[in-house]
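Shown next: structure17.csv, given as CSV, C-alpha atoms and all ligand atoms.
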```csv
chain,number,residue,atom,x,y,z
W,1,MET,CA,167.8,304.6,114.8
W,2,SER,CA,169.4,301.8,116.8
W,3,ALA,CA,167.1,299.3,115.1
W,4,ALA,CA,168.1,300.6,111.7
W,5,THR,CA,171.7,300.4,112.6
W,6,VAL,CA,171.5,296.8,113.8
W,7,GLU,CA,169.6,295.8,110.7
W,8,ILE,CA,172.3,297.3,108.4
W,9,ILE,CA,175.0,295.6,110.4
W,10,GLU,CA,173.2,292.3,110.4
W,11,ASN,CA,172.7,292.5,106.6
W,12,HIS,CA,176.2,293.8,105.8
W,13,GLU,CA,176.6,290.9,103.3
W,14,LEU,CA,173.2,291.2,101.7
W,15,ILE,CA,173.4,295.0,101.0
W,16,PRO,CA,176.5,294.9,98.8
W,17,ALA,CA,175.2,291.6,97.3
W,18,PHE,CA,172.2,293.5,95.9
W,19,GLY,CA,174.2,296.7,95.2
W,20,THR,CA,171.8,298.7,97.4
W,21,GLU,CA,174.4,300.7,99.3
W,22,ASN,CA,173.2,304.0,98.0
W,23,PHE,CA,169.6,303.1,98.7
W,24,GLU,CA,170.4,302.1,102.3
W,25,THR,CA,172.6,305.1,102.8
W,26,LYS,CA,169.7,307.4,101.7
W,27,ARG,CA,167.3,305.5,103.9
W,28,PHE,CA,169.6,305.9,106.8
W,29,ASP,CA,170.2,309.5,106.1
W,30,GLN,CA,166.4,310.0,106.1
W,31,ILE,CA,166.2,308.4,109.5
W,32,ILE,CA,169.0,310.7,110.7
W,33,ASP,CA,167.2,313.7,109.3
W,34,ARG,CA,164.1,312.7,111.0
W,35,GLU,CA,166.0,312.4,114.3
W,36,ARG,CA,167.7,315.8,113.7
W,37,ASN,CA,164.4,317.5,113.0
W,38,CYS,CA,163.0,316.0,116.3
W,39,TYR,CA,166.2,317.2,118.0
W,40,ASN,CA,165.8,320.7,116.6
W,41,ARG,CA,162.2,320.8,117.6
W,42,ALA,CA,163.1,319.6,121.1
W,43,GLN,CA,166.2,321.8,121.4
W,44,HIS,CA,164.4,324.9,122.8
W,45,LYS,CA,162.5,322.7,125.2
W,46,ILE,CA,165.9,321.2,126.3
W,47,ASP,CA,167.3,324.7,126.7
W,48,ALA,CA,164.2,325.7,128.8
W,49,THR,CA,164.6,322.5,130.9
W,50,ASP,CA,168.2,323.2,131.4
W,51,PHE,CA,167.4,326.8,132.6
W,52,PHE,CA,164.7,325.7,135.0
W,53,GLN,CA,166.8,322.8,136.2
W,54,LYS,CA,169.6,325.2,137.1
W,55,LEU,CA,167.2,327.6,138.6
W,56,LEU,CA,165.7,324.9,140.8
W,57,GLN,CA,169.1,323.6,141.8
W,58,ILE,CA,169.9,327.0,143.2
W,59,THR,CA,166.5,328.2,144.5
W,60,LEU,CA,165.2,324.9,146.0
W,61,PRO,CA,167.8,324.6,148.8
W,62,ILE,CA,167.5,328.3,149.5
W,63,CYS,CA,163.6,328.1,149.7
W,64,ILE,CA,163.9,325.0,151.9
W,65,ALA,CA,166.4,326.7,154.2
W,66,PHE,CA,163.9,329.7,154.6
W,67,PHE,CA,161.0,327.3,155.1
W,68,LEU,CA,162.9,325.5,157.9
W,69,VAL,CA,163.9,328.7,159.6
W,70,TYR,CA,160.2,330.0,159.4
W,71,PHE,CA,158.5,326.7,160.5
W,72,GLU,CA,161.0,326.2,163.3
W,73,LYS,CA,159.1,329.0,165.1
W,74,LEU,CA,155.7,327.3,164.5
W,75,VAL,CA,156.4,323.6,164.7
W,76,LYS,CA,159.1,321.7,166.5
W,77,MET,CA,161.3,320.1,163.9
W,78,THR,CA,163.6,317.3,164.7
W,79,PRO,CA,167.1,317.1,163.3
W,80,GLY,CA,166.0,313.9,161.5
W,81,SER,CA,163.1,315.5,159.6
W,82,ILE,CA,165.4,318.4,158.6
W,83,ALA,CA,167.9,315.9,157.2
W,84,SER,CA,165.2,314.1,155.4
W,85,ILE,CA,163.9,317.2,153.7
W,86,PHE,CA,167.4,318.2,152.6
W,87,THR,CA,168.0,314.6,151.3
W,88,PHE,CA,164.8,314.7,149.3
W,89,THR,CA,165.7,318.1,147.9
W,90,LEU,CA,169.1,316.8,146.9
W,91,ILE,CA,167.6,313.7,145.2
W,92,LEU,CA,165.0,315.8,143.3
W,93,THR,CA,167.6,318.2,142.0
W,94,ASN,CA,169.8,315.3,140.9
W,95,GLN,CA,166.9,313.6,139.1
W,96,ILE,CA,166.2,316.8,137.2
W,97,GLY,CA,169.9,317.0,136.3
W,98,ASP,CA,169.9,313.4,135.1
W,99,PHE,CA,166.9,313.9,133.0
W,100,GLY,CA,168.5,316.8,131.2
W,101,LYS,CA,171.7,314.8,130.8
W,102,GLY,CA,169.8,311.8,129.4
W,103,ILE,CA,168.2,313.8,126.6
W,104,LEU,CA,171.5,315.4,125.7
W,105,GLY,CA,173.3,312.0,125.9
W,106,ALA,CA,170.8,310.5,123.4
W,107,MET,CA,171.6,313.2,120.9
W,108,GLU,CA,175.3,312.6,121.3
W,109,ILE,CA,174.9,308.8,120.8
W,110,SER,CA,173.0,309.3,117.6
W,111,GLU,CA,175.9,311.3,116.2
W,112,ARG,CA,178.3,308.6,117.2
W,113,ILE,CA,176.3,305.9,115.4
W,114,ARG,CA,176.3,308.0,112.3
W,115,VAL,CA,180.1,308.3,112.4
W,116,ALA,CA,180.4,304.5,113.1
W,117,LEU,CA,178.2,303.7,110.1
W,118,ASN,CA,180.3,305.8,107.8
W,119,LYS,CA,183.2,303.6,108.7
W,120,LEU,CA,181.1,300.5,108.1
W,121,LYS,CA,180.1,301.2,104.5
W,122,CYS,CA,183.1,299.3,103.2
W,123,PRO,CA,183.6,296.0,105.2
W,124,PHE,CA,187.1,294.8,104.5
W,125,HIS,CA,186.2,291.6,102.6
W,126,LEU,CA,183.5,293.0,100.4
W,127,ARG,CA,184.1,295.1,97.4
W,128,ALA,CA,182.2,298.3,97.5
W,129,ALA,CA,179.8,298.7,94.6
W,130,ILE,CA,181.6,301.8,93.5
W,131,LYS,CA,182.3,302.1,89.8
W,132,LYS,CA,186.0,302.4,89.2
W,133,GLU,CA,187.8,303.7,86.2
W,134,GLY,CA,188.2,300.8,83.7
W,135,ASP,CA,185.5,298.6,85.2
W,136,ILE,CA,184.2,296.1,82.6
W,137,GLU,CA,180.5,295.2,81.9
W,138,PRO,CA,180.8,291.7,80.4
W,139,THR,CA,178.8,290.9,77.3
W,140,SER,CA,178.8,287.2,77.8
W,141,TRP,CA,178.6,285.3,81.1
W,142,GLU,CA,180.5,282.0,80.8
W,143,ILE,CA,182.5,281.3,83.9
W,144,ARG,CA,186.0,280.0,84.2
W,145,PHE,CA,188.0,279.1,87.4
W,146,GLU,CA,191.7,278.7,86.7
W,147,ASN,CA,193.8,277.0,89.4
W,148,VAL,CA,191.9,278.8,92.2
W,149,ASN,CA,193.0,278.3,95.8
W,150,PHE,CA,191.4,280.0,98.8
W,151,SER,CA,191.5,279.7,102.5
W,152,TYR,CA,189.7,281.7,105.2
W,153,ARG,CA,192.5,280.8,107.7
W,154,LYS,CA,196.2,280.3,107.2
W,155,ASP,CA,196.2,276.8,108.7
W,156,ARG,CA,193.3,275.4,106.6
W,157,GLY,CA,192.5,275.7,103.0
W,158,ALA,CA,188.8,275.9,101.9
W,159,LEU,CA,189.4,275.4,98.1
W,160,ALA,CA,192.4,273.9,96.3
W,161,ASN,CA,193.3,273.9,92.7
W,162,ILE,CA,189.8,274.5,91.3
W,163,ASN,CA,189.5,274.4,87.5
W,164,LEU,CA,186.0,274.7,86.3
W,165,GLU,CA,184.2,275.9,83.2
W,166,ILE,CA,180.5,276.8,83.1
W,167,LYS,CA,179.1,277.8,79.7
W,168,GLU,CA,176.4,280.4,79.3
W,169,ASN,CA,172.9,279.0,80.0
W,170,GLU,CA,174.4,275.7,81.3
W,171,LYS,CA,172.6,274.0,84.2
W,172,ILE,CA,175.1,272.9,86.8
W,173,GLY,CA,174.8,271.0,90.0
W,174,ILE,CA,177.3,270.9,92.8
W,175,ILE,CA,177.4,268.3,95.5
W,176,GLY,CA,179.7,267.3,98.3
W,177,TYR,CA,179.7,266.7,102.0
W,178,SER,CA,179.0,269.5,104.4
W,179,GLY,CA,182.1,271.7,104.6
W,180,ALA,CA,183.4,270.6,101.2
W,181,GLY,CA,183.6,274.2,100.0
W,182,LYS,CA,180.5,274.6,97.9
W,183,THR,CA,179.3,277.9,99.3
W,184,THR,CA,182.8,279.2,99.3
W,185,LEU,CA,183.0,278.6,95.6
W,186,ILE,CA,179.9,280.7,95.1
W,187,LYS,CA,181.3,283.5,97.4
W,188,LEU,CA,184.4,283.7,95.2
W,189,LEU,CA,182.3,283.8,92.1
W,190,ARG,CA,180.3,286.6,93.5
W,191,GLY,CA,183.4,288.6,94.3
W,192,PHE,CA,182.9,288.5,98.0
W,193,TYR,CA,186.4,287.1,98.5
W,194,THR,CA,189.4,287.2,96.3
W,195,PRO,CA,191.3,283.9,95.5
W,196,ASP,CA,194.7,283.5,97.3
W,197,ALA,CA,196.0,282.1,94.0
W,198,GLY,CA,194.6,281.5,90.5
W,199,GLN,CA,192.0,283.5,88.6
W,200,ILE,CA,188.3,283.6,87.9
W,201,TYR,CA,187.0,284.9,84.6
W,202,ILE,CA,183.5,285.9,83.5
W,203,GLY,CA,183.0,286.2,79.7
W,204,GLY,CA,186.8,286.1,79.4
W,205,ASN,CA,187.3,289.1,81.8
W,206,ASN,CA,189.1,288.8,85.1
W,207,LEU,CA,186.5,289.0,87.8
W,208,GLU,CA,188.4,291.7,89.6
W,209,LYS,CA,188.0,294.0,86.6
W,210,ILE,CA,184.3,293.5,86.3
W,211,SER,CA,182.1,296.3,87.6
W,212,PRO,CA,180.6,295.2,91.0
W,213,ARG,CA,177.3,296.7,89.9
W,214,SER,CA,177.3,294.4,86.9
W,215,LEU,CA,178.0,291.4,89.1
W,216,THR,CA,175.1,292.2,91.6
W,217,GLN,CA,172.7,292.8,88.7
W,218,ASN,CA,173.6,289.6,86.8
W,219,ILE,CA,174.1,287.1,89.6
W,220,ALA,CA,171.1,286.3,91.7
W,221,GLU,CA,171.3,283.9,94.5
W,222,VAL,CA,169.0,282.0,96.9
W,223,SER,CA,171.5,281.4,99.7
W,224,GLN,CA,171.5,278.8,102.4
W,225,THR,CA,170.2,281.2,105.0
W,226,ILE,CA,167.6,283.6,103.6
W,227,PRO,CA,168.4,287.0,105.1
W,228,LEU,CA,165.2,289.0,105.2
W,229,PHE,CA,164.6,292.6,106.3
W,230,HIS,CA,162.1,293.6,108.9
W,231,ARG,CA,160.0,295.1,106.1
W,232,SER,CA,157.0,294.1,103.9
W,233,ILE,CA,156.9,291.1,101.6
W,234,ARG,CA,156.8,293.5,98.7
W,235,GLU,CA,160.0,295.3,99.8
W,236,ASN,CA,161.8,292.0,100.5
W,237,VAL,CA,160.9,290.4,97.1
W,238,ALA,CA,161.6,293.5,95.0
W,239,TYR,CA,164.7,294.4,97.0
W,240,GLY,CA,167.3,296.1,94.7
W,241,CYS,CA,164.8,296.1,91.8
W,242,ALA,CA,163.3,299.5,91.4
W,243,ASP,CA,161.4,298.8,88.2
W,244,VAL,CA,159.1,296.0,89.2
W,245,ASN,CA,155.3,296.4,89.7
W,246,ASP,CA,152.9,294.4,91.8
W,247,ASP,CA,151.8,292.2,88.9
W,248,GLU,CA,155.3,291.0,88.4
W,249,ILE,CA,155.7,290.4,92.1
W,250,TRP,CA,152.5,288.3,92.2
W,251,GLU,CA,153.6,286.3,89.1
W,252,THR,CA,157.0,285.6,90.8
W,253,LEU,CA,155.3,284.6,94.0
W,254,ARG,CA,153.1,282.2,92.1
W,255,ARG,CA,156.2,280.6,90.5
W,256,ALA,CA,157.8,280.3,93.9
W,257,GLN,CA,154.7,278.6,95.3
W,258,ILE,CA,154.0,281.3,97.9
W,259,ALA,CA,151.3,283.5,96.3
W,260,ASP,CA,148.4,281.6,97.9
W,261,TYR,CA,149.9,282.1,101.4
W,262,VAL,CA,150.5,285.8,100.8
W,263,LYS,CA,147.0,286.3,99.5
W,264,ARG,CA,145.6,284.9,102.7
W,265,LEU,CA,147.5,287.4,104.8
W,266,PRO,CA,145.3,290.4,105.9
W,267,ASP,CA,147.9,292.9,104.6
W,268,GLY,CA,148.9,290.9,101.5
W,269,LEU,CA,152.1,292.2,100.0
W,270,ASP,CA,152.3,294.8,102.8
W,271,SER,CA,152.7,292.2,105.5
W,272,ILE,CA,155.8,292.7,107.6
W,273,VAL,CA,157.9,289.5,107.8
W,274,GLY,CA,159.4,290.2,111.2
W,275,VAL,CA,163.0,290.6,112.3
W,276,ARG,CA,165.0,288.2,110.0
W,277,GLY,CA,161.7,286.9,108.7
W,278,GLN,CA,160.8,285.3,112.1
W,279,ARG,CA,157.1,285.5,111.3
W,280,LEU,CA,157.6,283.0,108.5
W,281,SER,CA,158.3,279.3,108.6
W,282,GLY,CA,161.6,278.0,107.2
W,283,GLY,CA,159.9,276.9,103.9
W,284,GLU,CA,158.0,280.2,103.5
W,285,LYS,CA,161.2,282.1,104.0
W,286,ALA,CA,162.9,279.9,101.4
W,287,ARG,CA,160.1,280.6,98.9
W,288,ILE,CA,160.3,284.4,99.5
W,289,GLY,CA,164.1,284.1,98.9
W,290,ILE,CA,163.4,282.1,95.7
W,291,ALA,CA,160.9,284.8,94.5
W,292,ARG,CA,163.5,287.5,95.3
W,293,ALA,CA,166.1,285.8,93.1
W,294,LEU,CA,163.7,285.0,90.3
W,295,ILE,CA,162.4,288.5,90.0
W,296,ARG,CA,165.9,289.8,89.0
W,297,LYS,CA,166.5,289.3,85.4
W,298,SER,CA,170.0,288.1,86.0
W,299,LYS,CA,172.2,286.0,83.7
W,300,ILE,CA,173.3,283.6,86.4
W,301,ILE,CA,171.1,282.2,89.1
W,302,ILE,CA,172.5,280.3,92.1
W,303,PHE,CA,170.5,278.0,94.4
W,304,ASP,CA,172.5,277.1,97.5
W,305,GLU,CA,170.4,274.5,99.3
W,306,ALA,CA,167.5,276.7,98.4
W,307,THR,CA,164.8,274.0,98.5
W,308,ALA,CA,166.2,272.1,101.5
W,309,ALA,CA,163.6,273.6,103.8
W,310,LEU,CA,160.7,272.6,101.6
W,311,ASP,CA,158.6,269.4,101.6
W,312,SER,CA,159.1,267.2,98.5
W,313,GLU,CA,155.8,268.2,96.9
W,314,SER,CA,156.5,272.0,97.1
W,315,GLU,CA,160.0,271.3,95.9
W,316,LEU,CA,158.7,269.4,92.9
W,317,LEU,CA,156.3,272.2,92.0
W,318,ILE,CA,159.0,274.8,92.3
W,319,GLN,CA,161.3,272.7,90.1
W,320,LYS,CA,158.6,272.5,87.4
W,321,GLY,CA,158.2,276.3,87.4
W,322,LEU,CA,161.9,276.7,87.5
W,323,GLU,CA,162.6,274.9,84.3
W,324,GLU,CA,160.8,277.6,82.4
W,325,LEU,CA,162.2,280.4,84.4
W,326,VAL,CA,165.9,279.5,84.1
W,327,LYS,CA,165.6,279.1,80.4
W,328,GLY,CA,168.2,281.5,78.9
W,329,ARG,CA,170.0,281.8,82.2
W,330,THR,CA,172.9,279.9,83.8
W,331,LEU,CA,171.8,277.8,86.7
W,332,ILE,CA,174.1,276.7,89.5
W,333,ALA,CA,172.4,274.5,92.0
W,334,ILE,CA,173.9,273.2,95.2
W,335,ALA,CA,171.9,270.5,97.0
W,336,HIS,CA,172.3,267.7,99.4
W,337,ARG,CA,169.1,266.0,98.1
W,338,LEU,CA,170.6,264.5,94.9
W,339,SER,CA,167.3,263.9,93.2
W,340,THR,CA,167.1,267.8,92.9
W,341,LEU,CA,170.3,267.7,90.7
W,342,ARG,CA,169.6,264.6,88.7
W,343,LYS,CA,168.4,266.5,85.6
W,344,MET,CA,171.4,268.9,85.6
W,345,GLU,CA,173.5,268.9,82.4
W,346,LYS,CA,176.7,268.6,84.5
W,347,ILE,CA,177.2,267.7,88.2
W,348,ILE,CA,180.4,268.7,90.0
W,349,VAL,CA,181.5,266.6,93.0
W,350,LEU,CA,183.5,268.6,95.6
W,351,ASP,CA,185.4,266.9,98.4
W,352,LYS,CA,187.6,268.6,100.9
W,353,GLY,CA,187.9,271.7,98.8
W,354,GLN,CA,188.8,269.9,95.5
W,355,ILE,CA,186.8,268.9,92.5
W,356,VAL,CA,187.0,265.1,92.4
W,357,ALA,CA,184.7,264.4,89.5
W,358,GLU,CA,182.3,266.0,87.0
W,359,GLY,CA,179.8,264.6,84.6
W,360,THR,CA,176.1,263.8,84.2
W,361,HIS,CA,174.2,261.8,86.8
W,362,ASP,CA,174.5,258.6,84.7
W,363,GLU,CA,178.2,259.1,84.2
W,364,LEU,CA,178.9,259.8,87.8
W,365,ILE,CA,176.9,256.9,89.2
W,366,LYS,CA,179.1,254.6,87.2
W,367,GLN,CA,182.5,256.3,87.6
W,368,ASN,CA,182.6,258.1,90.9
W,369,ILE,CA,182.6,256.2,94.2
W,370,LEU,CA,181.8,259.3,96.3
W,371,TYR,CA,178.8,260.2,94.1
W,372,SER,CA,177.4,256.7,94.0
W,373,ARG,CA,177.9,256.4,97.7
W,374,LEU,CA,175.9,259.6,98.3
W,375,TRP,CA,173.2,258.5,95.8
W,376,ASN,CA,172.8,255.0,97.3
W,377,ALA,CA,172.6,256.4,100.8
W,378,GLN,CA,169.7,258.6,99.7
W,379,VAL,CA,167.9,255.9,97.8
W,380,LEU,CA,168.1,253.8,100.9
W,381,LEU,CA,166.5,256.5,103.1
F,1,LIG,N1,183.6,282.9,107.0
F,1,LIG,C1,184.3,281.8,107.3
F,1,LIG,N2,185.4,281.9,108.1
F,1,LIG,C2,186.2,280.8,108.3
F,1,LIG,N3,186.0,279.6,107.8
F,1,LIG,C3,184.9,279.4,107.1
F,1,LIG,C4,184.0,280.5,106.7
F,1,LIG,N4,183.0,280.1,105.9
F,1,LIG,C5,183.3,278.8,105.8
F,1,LIG,N5,184.4,278.4,106.4
F,1,LIG,C6,185.0,277.0,106.4
F,1,LIG,O1,185.3,276.7,105.1
F,1,LIG,C7,185.0,275.3,104.8
F,1,LIG,C8,184.0,275.3,103.6
F,1,LIG,O2,182.8,275.9,103.9
F,1,LIG,P1,181.6,276.0,103.0
F,1,LIG,O3,180.6,276.9,103.6
F,1,LIG,O4,182.0,276.4,101.6
F,1,LIG,O5,181.0,274.5,103.0
F,1,LIG,P2,179.8,273.9,102.2
F,1,LIG,O6,180.3,272.8,101.3
F,1,LIG,O7,179.0,275.0,101.6
F,1,LIG,O8,179.0,273.1,103.4
F,1,LIG,P3,177.5,273.0,103.6
F,1,LIG,O9,177.0,271.8,102.8
F,1,LIG,O10,177.4,272.6,105.1
F,1,LIG,O11,176.8,274.3,103.4
F,1,LIG,C9,184.4,274.8,106.0
F,1,LIG,O12,185.4,274.0,106.7
F,1,LIG,C10,184.0,276.0,106.9
F,1,LIG,O13,184.1,275.7,108.2
F,2,MG,MG,177.1,275.7,102.1
```

Translate this structure into structure tokens?
Ligand SMILES: Nc1ncnc2c1ncn2[C@@H]1O[C@H](COP(=O)(O)OP(=O)(O)OP(=O)(O)O)[C@@H](O)[C@H]1O
Ligand SMILES: [Mg+2]
Amino acid sequence: MSAATVEIIENHELIPAFGTENFETKRFDQIIDRERNCYNRAQHKIDATDFFQKLLQITLPICIAFFLVYFEKLVKMTPGSIASIFTFTLILTNQIGDFGKGILGAMEISERIRVALNKLKCPFHLRAAIKKEGDIEPTSWEIRFENVNFSYRKDRGALANINLEIKENEKIGIIGYSGAGKTTLIKLLRGFYTPDAGQIYIGGNNLEKISPRSLTQNIAEVSQTIPLFHRSIRENVAYGCADVNDDEIWETLRRAQIADYVKRLPDGLDSIVGVRGQRLSGGEKARIGIARALIRKSKIIIFDEATAALDSESELLIQKGLEELVKGRTLIAIAHRLSTLRKMEKIIVLDKGQIVAEGTHDELIKQNILYSRLWNAQVLL
């Protein structure tokens, strides 16, 4: 139960992002029920233990006292041996007492965890995926940022005056130095944070009015760090998608260039990936993350440095498969490797939280000093 708790806490961003709060709550309830059944089954044993423990605590010292009085007549006992026997009795009765207390304490802790988890269901900065009265399901998915400002801390802004339009099915690249605000822009778009000023619209609707469920179903993301559950490959790939079968999973794994690797594993799709996917390499984790995003039939797909952990050849293969997969979807790709973004219809250059330029690769290389500097630096490498 502690492991399940830790996993939920560690993935507190991932769960609302996939809209699987209900699934996780049910899963956790099942664990609690299992614990409770065990507790009930164990309860009469605990009661019996408690009874014998108390009985022993009373009878043991009395028996020993009689024993000493009786044996004193047969064997010569020293005061030291009498003290030792009493000390041993005392330790024994204490140990029995501690054992009983331990079992009861564990039951108490499990209840406390349950109470704590109930409080954790709605972290303050994440909107709970609960349908509210008047929530909108957008019919189109063009994105508009209007004068958006945002800061994590009062003293330092992360995004300033962002004005941006992304049409439906457009393929957009975002570049900028580390810390420029690229991931923050995505977090705002996904509704994880609310802008301090300005508005974000999807399909002409204010983001705050859009149903969180609709957002999680229509925006898929391969994030910079791929959070994986200590579960099977199947469960990780199909996470939040109840209606996919194994054939679809294999097809997606093929497109994400990881099917051959999974086939070679003794347990195939049932292979457990380890805590946070530690049994996988960085590149394999990235591919599982890509497969997980691709399997969702979302309108918008976001790649935040998704292919950074891959070698150039694998990246190229994924890019080829991607072109077909992202047809009919909006693609937002963030990459430090500019060659990844070269073919994008529009590239946005972010610097210190501001959009400093936007255009195609050819336009930017001529017009924007920052972009050409980044490009030349990579060509030289
Ligand atoms: N949760 C957070 N709390 C406080 N500050 C944050 C948080 N996340 C990001 N920041 C800060 O906001 C700024 C923008 O971060 P962001 O993650 O958007 O950068 P980025 O452009 O994605 O960088 P990278 O290319 O390294 O991923 C950084 O200065 C960062 O330190
Ligand atoms: Mg980032």

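Take CA of Glu170 in chain W and CA of Thr330 in chain W: the distance between them is 5.1 Å.
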
* Asked: Residues at most 10 Å from ligand MG 2 (chain F), using only C-alpha atoms and all ligand atoms? Could they come as a list of chain:residue names?
  ->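 Sorted by chain and then by number, the residues are W:Ile175, W:Gly176, W:Tyr177, W:Ser178, W:Gly179, W:Ala180, W:Gly181, W:Lys182, W:Thr183, W:Thr184, W:Leu185, W:Ile186, W:Ser223, W:Gln224, W:Thr225, W:Asp304, W:Glu305, W:Ile334, W:Ala335, W:His336.
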
How would the residues just chosen look if you wrote them out with C-alpha atoms as a compact mmCIF listing (two decimals), in the frame of the given file?
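What follows is the written file part07.txt:
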```txt
# COMPACT_ATOMS: atom_id res chain seq x y z
CA ILE W 175 177.40 268.30 95.50
CA GLY W 176 179.70 267.30 98.30
CA TYR W 177 179.70 266.70 102.00
CA SER W 178 179.00 269.50 104.40
CA GLY W 179 182.10 271.70 104.60
CA ALA W 180 183.40 270.60 101.20
CA GLY W 181 183.60 274.20 100.00
CA LYS W 182 180.50 274.60 97.90
CA THR W 183 179.30 277.90 99.30
CA THR W 184 182.80 279.20 99.30
CA LEU W 185 183.00 278.60 95.60
CA ILE W 186 179.90 280.70 95.10
CA SER W 223 171.50 281.40 99.70
CA GLN W 224 171.50 278.80 102.40
CA THR W 225 170.20 281.20 105.00
CA ASP W 304 172.50 277.10 97.50
CA GLU W 305 170.40 274.50 99.30
CA ILE W 334 173.90 273.20 95.20
CA ALA W 335 171.90 270.50 97.00
CA HIS W 336 172.30 267.70 99.40
```

* To do: In Å, rounded to a single decimal, give me how far CA of Phe145 in chain W is from CA of Ile162 in chain W.
  =>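 Separating CA of Ile162 in chain W from CA of Phe145 in chain W is a distance of 6.3 Å.
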
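Nearest residue to ligand LIG 1 (chain F) among W:Phe192, W:Tyr239, W:Phe229, W:Trp250 is W:Phe192, counting only C-alpha atoms and all ligand atoms.
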
* For CA of Ala48 in chain W and CA of Leu60 in chain W, quote the distance in Å rounded to one decimal. => 17.2 Å

* Rank nothing, just name the residue among W:Glu221, W:Asp196, W:Glu10, W:Asp351 nearest to Val275 in chain W, using all atoms listed in the file. =>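 Checking each of W:Glu221, W:Asp196, W:Glu10, W:Asp351 against Val275 in chain W, counting all atoms listed in the file, the winner is W:Glu10.
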
* Asked: Nearest to ligand LIG 1 (chain F) among W:Ser151, W:Ser271, W:Gln199, W:Asn236, with distances taken over all atoms listed in the file: which residue is it?
  -> W:Ser151

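Of the residues listed (W:Tyr193, W:Phe303, W:Tyr152, W:Trp375), W:Tyr152 shows the shortest atom-to-atom separation from ligand LIG 1 (chain F); distances use only C-alpha atoms and all ligand atoms.
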
* Asked: Any idea what's packed within 9 Å of Gly19 in chain W, counting all atoms listed in the file, ignoring anything in its chain fewer than 3 positions away? Could you give it as a list of chain:residue names?
  -> W:Leu14, W:Ile15, W:Pro16, W:Asn22, W:Phe23, W:Ala128, W:Ala129, W:Pro212, W:Arg213, W:Leu215, W:Thr216, W:Gln217, W:Gly240

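Contact shell of Val244 in chain W at 10 Å (only C-alpha atoms; same-chain neighbours under 6 positions omitted): Val237, Ala238, Ile295 and Arg296 of chain W.
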
* To do: Identify which of the residues W:Cys241, W:Ile318, W:Ile365, W:Leu350 lies closest to ligand LIG 1 (chain F), counting all atoms listed in the file when measuring atom-to-atom distances.
  => W:Leu350

* Contact residues around Val273 in chain W with all atoms listed in the file at 7 Å, ignoring same-chain residues under 6 positions, as a PyMOL selection string -> chain W and resi 230-233+279-280

* Between W:Ala291, W:Lys171, W:Leu188, W:Leu370, single out the one closest to ligand LIG 1 (chain F), counting all atoms listed in the file. => W:Leu188

* Tell me, as a list in words, which residues lie within 8 Å of Ile258 in chain W, counting only C-alpha atoms; anything in the same chain fewer than 5 positions away does not count. =>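 Once the nearby chain positions are removed, what remains is Leu253, Glu284, Arg287 and Ile288 of chain W.
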